[in-house]
Each structure stands twice: as structure tokens, then as C-alpha cells.
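So the structure is just underneath, and the comments pick up after that.
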Amino acid sequence: VDGGAPPAEGSAGAVSADPWPDGPPRPTGMVAELTYRCPLRCTYCSNPVDLAAYRDELTTEQWRDVLGQARAAGVLQVHLSGGEPLLRNDLPELVGRASGLGMYTNLVTSGIQLDAGRLAALLDAGLDHLQLSIQDARAAEADAIAGGAFHERKLAAAGLVRATGIPLTVNVVLHAANVARLTEIADLAVSLGADRLELAHTQFYGWGLRNRAALMPARAQVEAAAEAAAGVHRRHGDRIEIVYVQPDYHTGEAKPCMQGWGARQLVVAPNGDVLPCLAAGQLPGLEVPSVRHAGLAAIWRDSAMFNAFRGTAWMPEPCASCALREVDLGGCRCQAFQLTGDASATDPACRWSPHHDTVARAATVHGGREPAVPRANR
Ligand code: FES
């Protein structure tokens, strides 16, 4: 996250003693998924498919306690996310709590519920950074993906954020129906005054996997996108940081998901479940720990969930003897499970996976058609 330094050791709320000198490295980042409710219904939504299991949301007091535990465990950055976190009326209080503990606060939002009053309250509470999602450069196409008339309201939200001077990241998920407008999208982000632009190809978990045939770009689109990304970097790279996340289905390279399982970040779901990544709740045979039943530090350090794929000892061949195992960190466990039925298998995105043909085949099925399954958040 750009726009300021995290607090130094010794600042408010800093850890005074190492609670596990022989344990895993401390977490440095936490994704606090405050709610899965959301006005948008994007076809690549990262929310779980079984939303009914998450309706019992943590209370304000419980989230305040979780934030305190996170800081004590070492967390320096909190990403307040969802769903749409602005649907929680206690958001300013939670921002204030995290900020008071000395943590860097990032609000990940669609911007639909943002107005000048709410933004002022969040800034008063200590909000450090805002990440705004945009679906496309053009309103009709953006609204078609988001499932409603949202684009103009998002642009208005960006204007409010820009007027405050707070750092702004614009995040765009790329897919078959918008990737041809990558340059137009980057131009829009620059005109909005964004400090940072994330152009990330769709990750095919959950809703994205269900809608994969509609979202999957053609190889020619991916090649054109890489050229366009290089072009916008040349044109705008001196005034805006541009991050281009390649599609792992097409590169033949596994991505270091979450920068390693249980290595740096943890996710707390709206109901208090604690996970190493957004999608780990689906993995069979691993009990999902919860802040309702255990402390955050103990979950991070000792739970079967967080230790299942930590480090490299769990890796099968060809990963175990691969020179890249410390680079891709074994890829994505959830993708391995979804495509092979085995969460410990080599990520099929890797060209050396025995299951790589499933990915290679899926990468040739594309079209930008209407999704064949319901949208997210229904
Ligand atoms: Fe779970 Fe990648 S999403 S490991």
C-alpha cells in the first residue's frame, strides 16, 4: 500500500515482547472482511459462493478486539474489505481503532456508499489510503459487469477522494469483455488522479470459476494486453504506479499466492473465521479456526489450517526439487484443489504440473459471453 510508512516499532500499540521466538514469522497484514453484503454483483466476485454461512457478522466490539489481537500479533497494515465495508455503520469506529493501535489502514471499496460526510468521518478516524474498484472505462460496459448503474457514482467517489489528498489506488479486474480497453482504462485512472493502478487479470476461484468461460480472454487478447500494459507504463509510469498482474492460466507460471501460505497475511471473514487466503474455507479436511473460539496469535501459529502448507516441506514433486519453489511458493492451494481435487497438488497453472493440460485447455475456451450461472451476491 502506498502513501505513507507503517508505524515503527515502539509506536502506539507496538509489540513489546516476542510471544513465539521459535514460531513462524509474524503476520504483517490482515484483510478484515467486515461484511460480504455488496450492492454490486460482479461475475468474478471473490466472495464465497455459499454466502448464507457468513450472515452472522462479528459485532463492533468483537472487531475491536480482533484488531487489538492483530496488532499484538505483529500486524502493521489492515485492509478493510468485503463485500462492501461501507455497509457497516461502525466503519469509522473500526478505522479509528486500527489507527489508534498504530496500524496503516486501507479501505477497499466500490465507492457506491461514499459521500463527503462519510469520507470526512473516515479521515477524521485516521484512514490512510483508499482502493476503489472500477469495472471498465465505459459506463455501459462497466455497469453490465457490475450488475447495475454504478460507474458514474464510482467516478464521483474518486473525485471526492482526490479532493482530500488521501492516496488513491484504482483496481480493475481484467477479463475477456474489457481487456481490449486496457489503455482506455489506464487513461481514465490517470484522469481520476489515482496514485496507483492495479490491472489484474481475473482469478478463477468461486464465482470467477463458475463464470470462467465467459470471463476467459483469448490468447491474442492476453498478448495484446501485455503490449498495452507496457505502453501505458511508458506513457504514464512517471506519474502513477502501474501494477499489471498477468493471467496465470496463460503464462505457465504459478503465482506466489498471498506471498506464501501463512507467511505474511491472514484473512478474517465477516463471521470470525480466520484463513490464510480468501478462498481457503473450501478446502476439505482442514478445520476452519475462528476468533470466536481461539486467539488470533494462536490460530496463526498453531492451527492445522495455517500450518498445512506453510514453508516448503509439504510440497510434492516436481515442486519439492524445483529451483523456483522459493519464488512461486507453491502457487495457489485453492486453485490446485479446485482443478485437481487435491489441495497439495502442484498448482496446475505451472507448466510442469501433471495437470497443466486442464489449465491450458480452459485458456482456449473464451468468448465474453453472458455468464451461464447466476451473478454473485444473489
Ligand atoms: Fe487460497 Fe490462493 S486463493 S491459496
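Residue numbering restarts at 1 for every chain of the C-alpha cells, chains are lettered A, B, ... in their displayed order, and ligands are numbered from 1 as they appear.
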
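Residues in contact with Met258 of chain A at 12 Å, where only C-alpha atoms are counted and same-chain residues fewer than 2 positions away are skipped, are listed as Pro27, Thr28, Gly29, Met30, Val31, Lys255, Pro256, Gly260, Trp261, Gly262, Ala263, Arg264, Gln265, Leu266, Val267, Leu275, Pro276, Cys277, Leu278, Ala279, Ala280, Arg310, Asp328, Leu329, Gly330, Gly331, Cys332, Arg333 and Cys334 of chain A.
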
Can I get the selected residues back with C-alpha atoms, as a PDB file, in the first residue's frame?
```pdb
ATOM      1  CA  PRO A  27       1.831 -11.718  10.156  1.00  0.00           C
ATOM      2  CA  THR A  28       2.303  -8.213   8.802  1.00  0.00           C
ATOM      3  CA  GLY A  29      -1.024  -7.735   7.010  1.00  0.00           C
ATOM      4  CA  MET A  30      -4.645  -8.550   7.768  1.00  0.00           C
ATOM      5  CA  VAL A  31      -7.615  -8.487   5.418  1.00  0.00           C
ATOM      6  CA  LYS A 255       1.751 -17.106  -8.758  1.00  0.00           C
ATOM      7  CA  PRO A 256       3.051 -16.803  -5.162  1.00  0.00           C
ATOM      8  CA  GLY A 260       3.076 -17.690   0.748  1.00  0.00           C
ATOM      9  CA  TRP A 261       0.580 -19.681   2.841  1.00  0.00           C
ATOM     10  CA  GLY A 262       0.613 -18.418   6.416  1.00  0.00           C
ATOM     11  CA  ALA A 263       3.726 -16.413   5.636  1.00  0.00           C
ATOM     12  CA  ARG A 264       2.704 -12.762   5.870  1.00  0.00           C
ATOM     13  CA  GLN A 265      -1.040 -12.234   5.764  1.00  0.00           C
ATOM     14  CA  LEU A 266      -4.240 -13.538   7.278  1.00  0.00           C
ATOM     15  CA  VAL A 267      -7.884 -13.035   6.451  1.00  0.00           C
ATOM     16  CA  LEU A 275      -7.998 -18.046   6.933  1.00  0.00           C
ATOM     17  CA  PRO A 276      -4.627 -17.891   5.150  1.00  0.00           C
ATOM     18  CA  CYS A 277      -6.354 -16.604   1.974  1.00  0.00           C
ATOM     19  CA  LEU A 278      -9.768 -15.515   0.717  1.00  0.00           C
ATOM     20  CA  ALA A 279     -10.803 -18.979  -0.510  1.00  0.00           C
ATOM     21  CA  ALA A 280      -9.261 -21.445   1.968  1.00  0.00           C
ATOM     22  CA  ARG A 310       3.494 -23.325   5.376  1.00  0.00           C
ATOM     23  CA  ASP A 328       6.294 -19.131  -6.573  1.00  0.00           C
ATOM     24  CA  LEU A 329       5.990 -20.603  -3.043  1.00  0.00           C
ATOM     25  CA  GLY A 330       3.999 -23.500  -4.419  1.00  0.00           C
ATOM     26  CA  GLY A 331       1.437 -21.348  -6.231  1.00  0.00           C
ATOM     27  CA  CYS A 332      -2.196 -21.332  -5.189  1.00  0.00           C
ATOM     28  CA  ARG A 333      -3.534 -24.145  -2.970  1.00  0.00           C
ATOM     29  CA  CYS A 334      -7.160 -23.254  -3.646  1.00  0.00           C
TER      30      CYS A 334
END
```

Quick one: residues within 12 Å of His293 of chain A, only C-alpha atoms counted, chain neighbours fewer than 4 positions away excluded, as a PDB file with N, CA and C atoms, in the first residue's frame?
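Once written, around_23.pdb looks like this:
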```pdb
ATOM      1  N   GLN A  62     -16.496  -7.085  18.912  1.00  0.00           N
ATOM      2  CA  GLN A  62     -15.668  -8.227  18.505  1.00  0.00           C
ATOM      3  C   GLN A  62     -14.603  -7.802  17.503  1.00  0.00           C
ATOM      4  N   ASN A 271     -17.819 -13.558   9.638  1.00  0.00           N
ATOM      5  CA  ASN A 271     -18.339 -14.341  10.773  1.00  0.00           C
ATOM      6  C   ASN A 271     -17.254 -14.707  11.778  1.00  0.00           C
ATOM      7  N   GLY A 272     -16.014 -14.238  11.550  1.00  0.00           N
ATOM      8  CA  GLY A 272     -14.935 -14.508  12.500  1.00  0.00           C
ATOM      9  C   GLY A 272     -14.024 -15.647  12.097  1.00  0.00           C
ATOM     10  N   ASP A 273     -14.315 -16.330  11.002  1.00  0.00           N
ATOM     11  CA  ASP A 273     -13.395 -17.360  10.508  1.00  0.00           C
ATOM     12  C   ASP A 273     -12.042 -16.707  10.187  1.00  0.00           C
ATOM     13  N   VAL A 274     -10.953 -17.444  10.447  1.00  0.00           N
ATOM     14  CA  VAL A 274      -9.609 -16.923  10.174  1.00  0.00           C
ATOM     15  C   VAL A 274      -8.939 -17.834   9.165  1.00  0.00           C
ATOM     16  N   VAL A 288     -11.809 -25.003  10.048  1.00  0.00           N
ATOM     17  CA  VAL A 288     -11.657 -23.552   9.898  1.00  0.00           C
ATOM     18  C   VAL A 288     -11.635 -22.923  11.290  1.00  0.00           C
ATOM     19  N   PRO A 289     -10.513 -22.312  11.684  1.00  0.00           N
ATOM     20  CA  PRO A 289     -10.463 -21.684  13.004  1.00  0.00           C
ATOM     21  C   PRO A 289     -11.259 -20.381  13.015  1.00  0.00           C
ATOM     22  N   ALA A 298      -2.664 -17.510  18.384  1.00  0.00           N
ATOM     23  CA  ALA A 298      -2.608 -18.978  18.485  1.00  0.00           C
ATOM     24  C   ALA A 298      -3.049 -19.616  17.173  1.00  0.00           C
ATOM     25  N   ILE A 299      -4.068 -19.032  16.543  1.00  0.00           N
ATOM     26  CA  ILE A 299      -4.530 -19.560  15.250  1.00  0.00           C
ATOM     27  C   ILE A 299      -3.415 -19.446  14.220  1.00  0.00           C
ATOM     28  N   SER A 303      -2.565 -23.433  14.432  1.00  0.00           N
ATOM     29  CA  SER A 303      -3.707 -24.159  13.857  1.00  0.00           C
ATOM     30  C   SER A 303      -3.272 -25.040  12.690  1.00  0.00           C
TER      31      SER A 303
END
```

For ligand 1, which residue out of A:Thr358, A:Thr364, A:Ser344, A:Ser133 is the nearest one, using only C-alpha atoms and all ligand atoms?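 Using only C-alpha atoms and all ligand atoms, ligand 1 sits closest to A:Ser344.
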
Taking into account only C-alpha atoms, which residue in the set A:Leu87, A:Val245, A:Ala177, A:Ala297 is nearest to Arg26 of chain A?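 Of the candidates, the smallest distance to Arg26 of chain A is held by A:Ala297.
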
Quick one: DSSP alpha helix (DSSP H) residues in segment 201-316 of chain A, as JSON, numbers by chain? {"A": [206, 207, 208, 209, 210, 212, 213, 214, 215, 219, 220, 221, 222, 223, 224, 225, 226, 227, 228, 229, 230, 231, 232, 233, 234, 235, 236, 248, 249, 250, 251, 296, 297, 298, 299, 300, 301, 302, 304, 305, 306, 307]}

For ligand 1, which residue among A:Gly208, A:Gly68, A:Gly117, A:Pro85 is the nearest when counting only C-alpha atoms and all ligand atoms?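 Ranked by minimum distance to ligand 1, first place goes to A:Gly208.
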
Contact residues around segment 235-241 of chain A with only C-alpha atoms at 8 Å, ignoring same-chain residues under 6 positions, as a ChimeraX atom specification: /A:190,194-197

Would you mind exporting N, CA and C atoms of the selected residues as an mmCIF file, in the first residue's frame?
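Ended up saving to again04.cif:
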```cif
data_model
loop_
_atom_site.group_PDB
_atom_site.id
_atom_site.type_symbol
_atom_site.label_atom_id
_atom_site.label_comp_id
_atom_site.auth_asym_id
_atom_site.auth_seq_id
_atom_site.Cartn_x
_atom_site.Cartn_y
_atom_site.Cartn_z
ATOM 1 N N VAL A 190 -5.673 7.715 -14.752
ATOM 2 C CA VAL A 190 -4.809 8.900 -14.694
ATOM 3 C C VAL A 190 -5.666 10.156 -14.578
ATOM 4 N N ALA A 194 -5.463 9.053 -9.814
ATOM 5 C CA ALA A 194 -5.017 7.931 -8.978
ATOM 6 C C ALA A 194 -3.498 7.966 -8.810
ATOM 7 N N ASP A 195 -3.048 7.543 -7.644
ATOM 8 C CA ASP A 195 -1.611 7.422 -7.382
ATOM 9 C C ASP A 195 -1.093 6.078 -7.850
ATOM 10 N N ARG A 196 -2.012 5.118 -7.937
ATOM 11 C CA ARG A 196 -1.607 3.745 -8.223
ATOM 12 C C ARG A 196 -2.739 3.070 -8.976
ATOM 13 N N LEU A 197 -2.378 2.223 -9.937
ATOM 14 C CA LEU A 197 -3.372 1.500 -10.726
ATOM 15 C C LEU A 197 -3.011 0.020 -10.725
#
```

Strand (DSSP E or B) per DSSP on the backbone: members of segment 196-352 of chain A, as JSON, numbers by chain: {"A": [196, 197, 198, 199, 200, 201, 241, 242, 243, 244, 245, 265, 266, 267, 268, 273, 274, 275, 290]}

Among listed residues A:Ser46, A:Thr340, A:Gln77, A:Ser99, nearest ligand 1 (using only C-alpha atoms and all ligand atoms):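 Ranked by minimum distance to ligand 1, first place goes to A:Ser46.
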
Smallest atom-to-atom distance to Asp248 of chain A: which of A:Asp347, A:Asp302, A:Asp124, A:Asp136, using only C-alpha atoms?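 With only C-alpha atoms as the atom set, the closest residue is A:Asp347.
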